[in-house]
>>> print(open('target31.cif').read())   # mmCIF, C-alpha atoms
data_coords
loop_
_atom_site.label_atom_id
_atom_site.label_comp_id
_atom_site.auth_asym_id
_atom_site.auth_seq_id
_atom_site.Cartn_x
_atom_site.Cartn_y
_atom_site.Cartn_z
CA MET A 1248 -11.32 -13.78 20.16
CA ASP A 1249 -10.51 -17.43 19.41
CA PHE A 1250 -14.02 -17.89 18.05
CA TYR A 1251 -13.63 -14.83 15.80
CA GLU A 1252 -10.20 -15.94 14.53
CA ASN A 1253 -11.50 -19.43 13.73
CA PHE A 1254 -14.52 -17.93 11.96
CA LEU A 1255 -12.22 -15.64 9.96
CA LEU A 1256 -9.93 -18.47 8.84
CA LYS A 1257 -12.83 -20.72 7.84
CA ASN A 1258 -14.48 -17.93 5.84
CA ALA A 1259 -11.41 -15.88 4.90
CA SER A 1260 -11.98 -16.02 1.13
CA GLN A 1261 -15.57 -14.76 1.45
CA ILE A 1262 -14.57 -12.06 3.95
CA THR A 1263 -11.80 -10.86 1.61
CA SER A 1264 -14.33 -10.57 -1.23
CA ILE A 1265 -16.74 -8.64 0.99
CA GLU A 1266 -13.97 -6.26 2.09
CA SER A 1267 -13.06 -5.59 -1.55
CA SER A 1268 -16.70 -5.00 -2.54
CA LEU A 1269 -17.31 -2.58 0.33
CA ARG A 1270 -14.13 -0.64 -0.50
CA SER A 1271 -15.39 -0.24 -4.06
CA LEU A 1272 -18.71 1.03 -2.69
CA THR A 1273 -16.97 3.82 -0.76
CA TYR A 1274 -15.81 5.38 -4.05
CA ILE A 1275 -19.36 5.99 -5.31
CA LEU A 1276 -21.00 7.05 -2.02
CA PRO A 1277 -19.96 10.75 -1.98
CA GLY A 1278 -22.87 12.98 -3.01
CA ARG A 1279 -25.50 10.25 -2.63
CA PHE A 1280 -26.97 11.58 0.68
CA HIS A 1281 -26.25 14.06 3.48
CA ASP A 1282 -22.75 13.58 4.96
CA ALA A 1283 -22.16 10.69 2.53
CA GLU A 1284 -18.50 11.74 2.19
CA LEU A 1285 -17.94 11.34 5.93
CA ALA A 1286 -19.79 8.01 5.98
CA SER A 1287 -17.81 6.64 3.02
CA GLN A 1288 -14.49 7.61 4.60
CA ALA A 1289 -15.51 6.13 7.96
CA LEU A 1290 -16.36 2.87 6.20
CA TYR A 1291 -13.13 2.98 4.16
CA ALA A 1292 -10.99 3.61 7.26
CA ALA A 1293 -12.75 0.89 9.27
CA LEU A 1294 -12.35 -1.69 6.49
CA ASN A 1295 -8.64 -1.00 6.12
CA LEU A 1296 -7.95 -1.05 9.86
CA ILE A 1297 -9.86 -4.33 10.20
CA GLY A 1298 -7.91 -5.58 7.17
CA LEU A 1299 -4.63 -4.88 9.00
CA TYR A 1300 -5.88 -6.93 11.94
CA HIS A 1301 -7.00 -9.74 9.64
CA ASN A 1302 -3.56 -9.77 7.99
CA SER A 1303 -1.91 -10.38 11.38
CA ILE A 1304 -4.32 -13.24 12.13
CA ILE A 1305 -3.73 -14.89 8.73
CA LYS A 1306 0.04 -14.47 9.15
CA ARG A 1307 0.02 -16.24 12.55
CA ALA A 1308 -2.29 -18.95 11.21
CA ALA A 1309 0.01 -19.57 8.24
CA GLN A 1310 3.02 -20.02 10.53
CA ALA A 1311 1.07 -22.37 12.83
CA HIS A 1312 -0.24 -24.31 9.82
CA ALA A 1313 3.28 -24.76 8.45
CA GLU A 1314 4.56 -26.02 11.81
CA GLU A 1315 1.60 -28.37 12.28
CA ASN A 1316 1.94 -29.93 8.83
CA LYS A 1317 5.76 -29.68 8.77
CA THR A 1318 5.77 -28.12 5.32
CA GLY A 1319 8.71 -25.84 6.06
CA PRO A 1320 8.75 -22.02 6.18
CA ILE A 1321 5.80 -20.23 4.55
CA GLN A 1322 6.48 -18.70 1.15
CA GLU A 1323 6.37 -14.91 1.44
CA SER A 1324 6.81 -12.12 -1.07
CA SER A 1325 10.10 -10.21 -1.06
CA PHE A 1326 8.24 -7.12 0.16
CA ASN A 1327 6.81 -8.94 3.19
CA LYS A 1328 10.16 -10.53 4.01
CA TYR A 1329 11.81 -7.10 4.00
CA ILE A 1330 9.13 -5.38 6.11
CA GLN A 1331 8.96 -8.29 8.58
CA PHE A 1332 12.75 -8.38 8.98
CA TRP A 1333 13.09 -4.75 10.06
CA SER A 1334 9.90 -4.80 12.17
CA SER A 1335 11.13 -7.83 14.12
CA ARG A 1336 14.59 -6.32 14.51
CA SER A 1337 13.49 -2.95 15.88
CA LYS A 1338 10.43 -2.16 18.03
CA LEU A 1339 10.80 1.50 17.04
CA ASN A 1340 10.61 0.51 13.37
CA ALA A 1341 7.51 -1.66 14.01
CA THR A 1342 5.77 1.15 15.92
CA ALA A 1343 6.57 3.75 13.25
CA SER A 1344 5.35 1.41 10.49
CA THR A 1345 2.07 0.71 12.27
CA LEU A 1346 1.43 4.39 13.02
CA LEU A 1347 2.09 5.37 9.40
CA SER A 1348 -0.35 2.73 8.17
CA VAL A 1349 -3.06 3.83 10.61
CA ILE A 1350 -2.58 7.51 9.72
CA SER A 1351 -2.68 6.80 5.98
CA TYR A 1352 -6.04 5.04 6.35
CA THR A 1353 -7.64 7.60 8.69
CA GLN A 1354 -6.17 10.97 7.66
CA VAL A 1355 -8.97 11.87 5.22
CA LEU A 1356 -11.61 10.96 7.82
CA MET A 1357 -9.88 13.04 10.50
CA GLU A 1358 -9.57 16.02 8.16
CA MET A 1359 -13.24 15.84 7.15
CA ALA A 1360 -14.40 15.60 10.77
CA VAL A 1361 -12.25 18.54 11.91
CA LEU A 1362 -13.37 20.69 8.96
CA LYS A 1363 -17.03 19.93 9.67
CA LYS A 1364 -16.86 20.51 13.43
CA LEU A 1365 -14.08 23.08 13.94
CA GLY A 1366 -13.60 24.94 10.65
CA THR A 1367 -10.86 25.63 8.11
CA LYS A 1368 -8.25 27.02 10.51
CA ARG A 1369 -8.27 23.89 12.68
CA GLN A 1370 -8.30 21.76 9.53
CA TRP A 1371 -4.96 23.16 8.36
CA GLU A 1372 -3.51 22.91 11.86
CA LEU A 1373 -4.40 19.20 11.79
CA ILE A 1374 -2.91 18.79 8.28
CA ALA A 1375 0.37 20.44 9.33
CA SER A 1376 0.53 18.33 12.51
CA LEU A 1377 -0.09 15.05 10.65
CA GLU A 1378 2.46 15.87 7.93
CA ALA A 1379 5.05 16.76 10.58
CA LEU A 1380 4.33 13.50 12.42
CA LYS A 1381 4.61 11.49 9.19
CA VAL A 1382 7.96 13.14 8.42
CA MET A 1383 9.27 12.09 11.84
CA LEU A 1384 7.95 8.54 11.41
CA ARG A 1385 9.46 8.18 7.92
CA LEU A 1386 12.80 9.55 9.13
CA THR A 1387 12.59 6.96 11.92
CA LEU A 1388 12.10 4.20 9.34
CA PHE A 1389 14.94 5.67 7.28
CA GLN A 1390 17.30 5.51 10.27
CA THR A 1391 16.18 2.16 11.72
CA THR A 1392 16.65 0.44 8.34
CA GLY A 1393 20.21 1.72 8.06
CA GLN A 1394 19.29 4.67 5.80
CA ARG A 1395 17.52 2.63 3.13
CA MET A 1396 14.70 3.72 0.83
CA VAL A 1397 11.37 3.93 2.70
CA LEU A 1398 8.95 1.54 0.99
CA SER A 1399 5.20 1.97 0.79
CA PRO A 1400 2.95 0.70 2.23
CA THR A 1401 4.69 0.26 5.55
CA HIS A 1402 2.69 -2.83 6.59
CA LEU A 1403 2.64 -6.47 5.47
CA GLN A 1404 0.58 -7.33 2.41
CA ARG A 1405 -1.88 -10.24 2.31
CA ASP A 1406 0.01 -12.67 0.07
CA ILE A 1407 -1.25 -15.95 1.56
CA ASP A 1408 -4.21 -17.89 0.18
CA PRO A 1409 -6.57 -18.11 3.20
CA SER A 1410 -8.22 -21.28 1.85
CA THR A 1411 -4.98 -23.20 2.49
CA LEU A 1412 -5.05 -22.46 6.23
CA VAL A 1413 -8.07 -24.52 7.26
CA SER A 1414 -7.02 -26.92 10.01
CA THR A 1415 -6.46 -30.41 8.76
CA GLY A 1416 -8.39 -33.21 10.44
CA PRO A 1417 -7.26 -36.84 10.74
CA GLN A 1418 -8.88 -37.84 7.42
CA GLN A 1419 -7.24 -34.94 5.57
CA ARG A 1420 -3.85 -35.74 7.07
CA LEU A 1421 -4.22 -39.36 5.94
CA LEU A 1422 -5.13 -38.14 2.45
CA GLN A 1423 -2.09 -35.85 2.43
CA GLN A 1424 0.14 -38.77 3.37
CA GLU A 1425 -1.31 -40.83 0.53
CA GLU A 1426 -0.62 -37.97 -1.89
CA GLY A 1427 3.01 -37.56 -0.84
CA TRP A 1428 5.92 -39.01 1.06
CA VAL A 1429 6.40 -38.28 4.77
CA GLY A 1430 9.95 -38.39 6.11
CA LYS A 1431 10.24 -40.75 9.09
CA ARG A 1432 12.92 -38.71 10.85
CA THR A 1433 11.84 -35.13 10.06
CA GLY A 1434 8.12 -35.66 9.47
CA VAL A 1435 8.28 -33.28 6.48
CA THR A 1436 5.72 -34.03 3.77
CA VAL A 1437 7.08 -34.14 0.21
CA PRO A 1438 4.10 -33.87 -2.18
CA SER A 1439 3.73 -36.31 -5.05
CA LEU A 1440 3.86 -35.11 -8.65
CA SER A 1441 0.15 -35.84 -9.16
CA SER A 1442 -0.82 -33.60 -6.22
CA SER A 1443 1.53 -30.79 -7.35
CA ILE A 1444 0.63 -30.61 -11.05
CA ASP A 1445 -2.94 -30.90 -12.34
CA LEU A 1446 -2.05 -32.52 -15.66
CA ASN A 1447 -5.59 -33.70 -16.41
CA LYS A 1448 -7.19 -30.28 -15.68
CA GLY A 1449 -9.51 -32.10 -13.33
CA LEU A 1450 -9.15 -29.56 -10.52
CA LYS A 1451 -8.76 -32.44 -8.05
CA HIS A 1452 -6.15 -30.53 -6.12
CA LYS A 1453 -7.07 -26.90 -5.47
CA ASN A 1454 -3.50 -25.64 -5.16
CA ALA A 1455 -1.96 -27.74 -7.94
CA TYR A 1456 -0.14 -26.01 -10.79
CA SER A 1457 -1.86 -26.28 -14.15
CA ASP A 1458 1.42 -26.46 -16.07
CA VAL A 1459 4.72 -28.31 -15.54
CA THR A 1460 6.70 -25.18 -16.47
CA ASP A 1461 4.93 -23.10 -13.81
CA TYR A 1462 5.69 -25.76 -11.20
CA LEU A 1463 9.38 -25.92 -12.14
CA LEU A 1464 9.70 -22.12 -12.20
CA SER A 1465 8.25 -21.97 -8.69
CA LYS A 1466 11.13 -24.17 -7.50
CA VAL A 1467 13.90 -22.17 -9.22
CA LEU A 1468 16.16 -20.27 -6.83
CA THR A 1469 16.32 -16.80 -8.34
CA PRO A 1470 18.73 -14.12 -7.04
CA GLU A 1471 15.73 -12.39 -5.44
CA LYS A 1472 14.89 -15.53 -3.42
CA LEU A 1473 18.49 -16.01 -2.33
CA ARG A 1474 18.99 -12.46 -1.06
CA LYS A 1475 18.76 -11.82 2.65
CA PRO A 1476 16.11 -9.26 3.65
CA GLU A 1477 18.71 -6.57 4.43
CA GLN A 1478 20.14 -7.05 0.91
CA MET A 1479 16.81 -6.42 -0.86
CA VAL A 1480 17.14 -2.64 -0.48
CA GLN A 1481 20.49 -0.88 -0.64
CA VAL A 1482 21.88 1.63 1.85
CA GLN A 1483 21.47 5.18 0.52
CA LYS A 1484 24.70 7.05 -0.15
CA ASN A 1485 25.59 10.64 -0.99
CA ILE A 1486 23.22 12.08 -3.60
CA SER A 1487 20.59 9.32 -3.31
CA LYS A 1488 20.36 9.98 0.45
CA LEU A 1489 19.64 13.64 -0.33
CA GLY A 1490 16.90 12.58 -2.76
CA GLU A 1491 15.25 10.33 -0.15
CA ILE A 1492 15.26 13.03 2.53
CA LEU A 1493 13.83 15.57 0.07
CA TYR A 1494 11.05 13.14 -0.82
CA ILE A 1495 10.22 12.65 2.87
CA LEU A 1496 10.18 16.42 3.57
CA ARG A 1497 8.24 17.46 0.44
CA PRO A 1498 4.65 17.18 1.83
CA LEU A 1499 5.49 19.19 4.96
CA VAL A 1500 7.23 21.91 2.93
CA TYR A 1501 4.16 22.08 0.65
CA VAL A 1502 1.75 22.51 3.61
CA LEU A 1503 3.94 25.16 5.24
CA SER A 1504 4.08 27.00 1.90
CA ILE A 1505 0.27 26.96 1.68
CA LEU A 1506 0.03 28.36 5.21
CA ARG A 1507 2.48 31.10 4.16
CA TRP A 1508 1.10 32.10 0.73
CA GLY A 1509 -2.35 30.50 0.51
CA LYS A 1510 -3.88 27.70 -1.57
CA ARG A 1511 -4.53 29.83 -4.66
CA SER A 1512 -0.91 30.97 -4.96
CA TRP A 1513 1.34 29.24 -7.50
CA ARG A 1514 4.35 29.36 -5.16
CA PRO A 1515 3.47 26.32 -2.98
CA TRP A 1516 2.61 24.24 -6.06
CA ILE A 1517 5.85 25.15 -7.88
CA ILE A 1518 8.01 24.60 -4.77
CA SER A 1519 6.43 21.17 -4.18
CA LEU A 1520 6.81 20.10 -7.81
CA VAL A 1521 10.45 21.21 -7.96
CA ILE A 1522 11.31 19.32 -4.73
CA GLU A 1523 9.55 16.20 -6.05
CA ILE A 1524 11.36 16.28 -9.40
CA VAL A 1525 14.75 17.02 -7.80
CA SER A 1526 14.28 14.17 -5.30
CA GLN A 1527 13.44 11.68 -8.05
CA PHE A 1528 16.35 12.85 -10.21
CA THR A 1529 18.91 12.67 -7.39
CA LEU A 1530 17.62 9.25 -6.33
CA LEU A 1531 18.02 7.96 -9.87
CA LYS A 1532 21.52 9.44 -10.21
CA GLY A 1533 22.53 7.85 -6.91
CA TYR A 1534 21.72 4.39 -8.26
CA GLU A 1535 23.62 4.83 -11.53
CA SER A 1536 26.97 3.11 -11.92
CA LYS A 1537 29.95 4.43 -13.87
CA ALA A 1538 28.61 2.63 -16.93
CA SER A 1539 25.32 4.58 -16.57
CA ARG A 1540 23.49 1.41 -15.55
CA ASN A 1541 20.61 1.47 -13.08
CA ASN A 1542 21.57 -0.63 -10.05
CA MET A 1543 18.20 -0.59 -8.29
CA MET A 1544 16.93 -3.79 -6.69
CA THR A 1545 13.44 -5.07 -7.52
CA LEU A 1546 11.78 -3.51 -4.46
CA GLU A 1547 13.55 -0.21 -5.11
CA LYS A 1548 12.38 -0.15 -8.73
CA GLN A 1549 8.79 -0.81 -7.65
CA GLU A 1550 8.91 2.02 -5.10
CA PHE A 1551 10.61 4.41 -7.53
CA ASN A 1552 8.00 3.71 -10.23
CA ARG A 1553 5.22 4.22 -7.68
CA ARG A 1554 6.67 7.63 -6.80
CA LEU A 1555 6.92 8.59 -10.47
CA LYS A 1556 3.20 7.88 -10.92
CA LEU A 1557 2.37 9.98 -7.85
CA ILE A 1558 3.81 13.05 -9.61
CA LEU A 1559 0.57 13.08 -11.62
CA PHE A 1560 -1.27 14.12 -8.44
CA ASN A 1561 0.23 17.58 -8.97
CA LEU A 1562 -2.48 18.04 -11.61
CA MET A 1563 -5.08 17.68 -8.83
CA ARG A 1564 -3.46 19.94 -6.25
CA GLY A 1565 -3.28 23.59 -5.31
CA ALA A 1566 -3.33 26.39 -7.85
CA PHE A 1567 -3.04 24.05 -10.83
CA TYR A 1568 -6.23 22.22 -9.85
CA LEU A 1569 -8.15 25.41 -9.02
CA LYS A 1570 -7.15 27.31 -12.16
CA VAL A 1571 -6.53 24.61 -14.78
CA THR A 1572 -7.81 21.11 -13.97
CA ARG A 1573 -11.13 21.81 -12.26
CA PRO A 1574 -12.52 24.22 -14.89
CA ARG A 1575 -11.81 21.66 -17.62
CA LEU A 1576 -13.40 18.82 -15.63
CA GLU A 1577 -16.48 20.97 -15.00
CA ARG A 1578 -16.82 21.68 -18.73
CA PHE A 1579 -16.56 17.95 -19.42
CA CYS A 1580 -19.32 17.20 -16.89
CA ASN A 1581 -21.54 19.89 -18.41
CA ARG A 1582 -21.05 18.55 -21.96
CA THR A 1583 -21.89 14.96 -20.96
CA GLU A 1584 -24.83 15.81 -18.71
CA GLY A 1585 -27.52 14.52 -21.08
CA LYS A 1586 -25.69 11.48 -22.41
CA PRO A 1587 -26.62 8.01 -21.09
CA ILE A 1588 -24.06 5.99 -19.10
CA VAL A 1589 -21.37 8.67 -19.55
CA SER A 1590 -23.52 11.09 -17.54
CA MET A 1591 -23.48 8.64 -14.61
CA ALA A 1592 -19.67 8.66 -14.51
CA ALA A 1593 -19.69 12.43 -14.98
CA GLY A 1594 -22.13 12.75 -12.06
CA ILE A 1595 -19.79 10.84 -9.74
CA LEU A 1596 -16.89 12.95 -11.01
CA ARG A 1597 -18.83 16.17 -10.34
CA ASP A 1598 -19.43 15.07 -6.73
CA TYR A 1599 -15.68 14.70 -6.21
CA LEU A 1600 -14.68 18.10 -7.67
CA PRO A 1601 -15.37 20.13 -4.50
CA LEU A 1602 -13.86 17.38 -2.31
CA TRP A 1603 -10.54 17.48 -4.19
CA GLU A 1604 -10.47 21.22 -3.56
CA LYS A 1605 -11.52 21.24 0.12
CA ILE A 1606 -9.90 18.03 1.43
CA TYR A 1607 -6.10 18.15 1.25
CA PHE A 1608 -5.39 14.47 1.93
CA TYR A 1609 -7.54 13.28 -1.00
CA THR A 1610 -4.77 14.29 -3.42
CA SER A 1611 -1.78 14.80 -1.13
CA ALA A 1612 0.00 11.57 -2.22
CA SER A 1613 1.77 11.65 1.12
#
>>> encode(input="target31.cif", output="structure tokens")
Amino acid sequence: MDFYENFLLKNASQITSIESSLRSLTYILPGRFHDAELASQALYAALNLIGLYHNSIIKRAAQAHAEENKTGPIQESSFNKYIQFWSSRSKLNATASTLLSVISYTQVLMEMAVLKKLGTKRQWELIASLEALKVMLRLTLFQTTGQRMVLSPTHLQRDIDPSTLVSTGPQQRLLQQEEGWVGKRTGVTVPSLSSSIDLNKGLKHKNAYSDVTDYLLSKVLTPEKLRKPEQMVQVQKNISKLGEILYILRPLVYVLSILRWGKRSWRPWIISLVIEIVSQFTLLKGYESKASRNNMMTLEKQEFNRRLKLILFNLMRGAFYLKVTRPRLERFCNRTEGKPIVSMAAGILRDYLPLWEKIYFYTSAS
């Protein structure tokens, strides 16, 4: 394992590029050969699970690198600080977060495999079971964070440049000392101006800022940087708490409605859409002050905007997709069949049309 971790850190930038390229490949595989959909999802799930493992390695390496070079705490995004805080504070929170991430990356693959081997009935039993499990896990996160908004994704993001984590040898340490001042008592390295700002555009220092303004802005203590992790997301109260719980329950209610009335019925689609809109509206009202100002924190705004965009998935679900969206997409594919370049995109689109109908988790947005 040590050999693999060292290999990863030395070649992290190339491995990240390869991961990204292979993920892109999975989007165009469906329809290319027999069982291509299953193969593409297996590759997609494997890449993302390996990516989670790589993130943990890079995180540990960054902390060790900071301690070795005495550069102080590593600079993390607000999102990572928040997720790390609650995961380290509660084992239950960490377990629920990990399980949610694993399920989100493997749910399409599991659904495809069950449909292929066991049939439609078992497929919907699996879907209902996974949605029920995800509801329990999200409610666990909701409770273990003191009833705060559940952010997505539930795992740490890769926000560290892997190229900065290569172990420094004696010559590199000597060079670093020449490029900065090392405190005799603390051993902390304070970089020189020439190593922090690349004024001559000579690219001598890989991590140097290209502009003085950018360098100064990176040192400014903004309110976001000063907030403690537990202050980055507010505790839900009254109506906003109702909106959060409705948002968590919505996918399970939708699946149970489909099992009750069927996929072609408008009832499940309408019920799901109404719950989603009501949850967003009540959340927004809960964050409004008496002066009608929105009091959301940065992370809350990002999550709320993400959820607003996910409402568009209603166009690709249930009765609306079967009776409105798919017929129009099929007509588009037929009209562009003989046109160069456009026909290639239309061909890929045509391969996805039956998948969006048969595979629930492709468009579930859950």
>>> atom_distance(input="target31.cif", atom1="CA of Lys1605 (chain A)", atom2="CA of Tyr1352 (chain A)")
18.2 Å
>>> residues_around(input="target31.cif", residues="region 1294-1306 of chain A", least_positions_apart="6", cutoff="8 Å", atoms="all atoms listed in the file", output="MDAnalysis selection string")
chainID A and resid 1252 1255:1256 1266 1269:1270 1349 1352 1402:1405 1407 1409
>>> atom_distance(input="target31.cif", atom1="CA of Arg1511 (chain A)", atom2="CA of Val1571 (chain A)")
11.6 Å
>>> resolve_selection(input="target31.cif", expression="the PyMOL selection byres ((chain A and resi 1379) around 12)", output="ChimeraX atom specification")
/A:1347,1372-1378,1380-1386,1495-1503,1613
>>> atom_distance(input="target31.cif", atom1="CA of Asn1258 (chain A)", atom2="CA of Ala1308 (chain A)")
13.4 Å
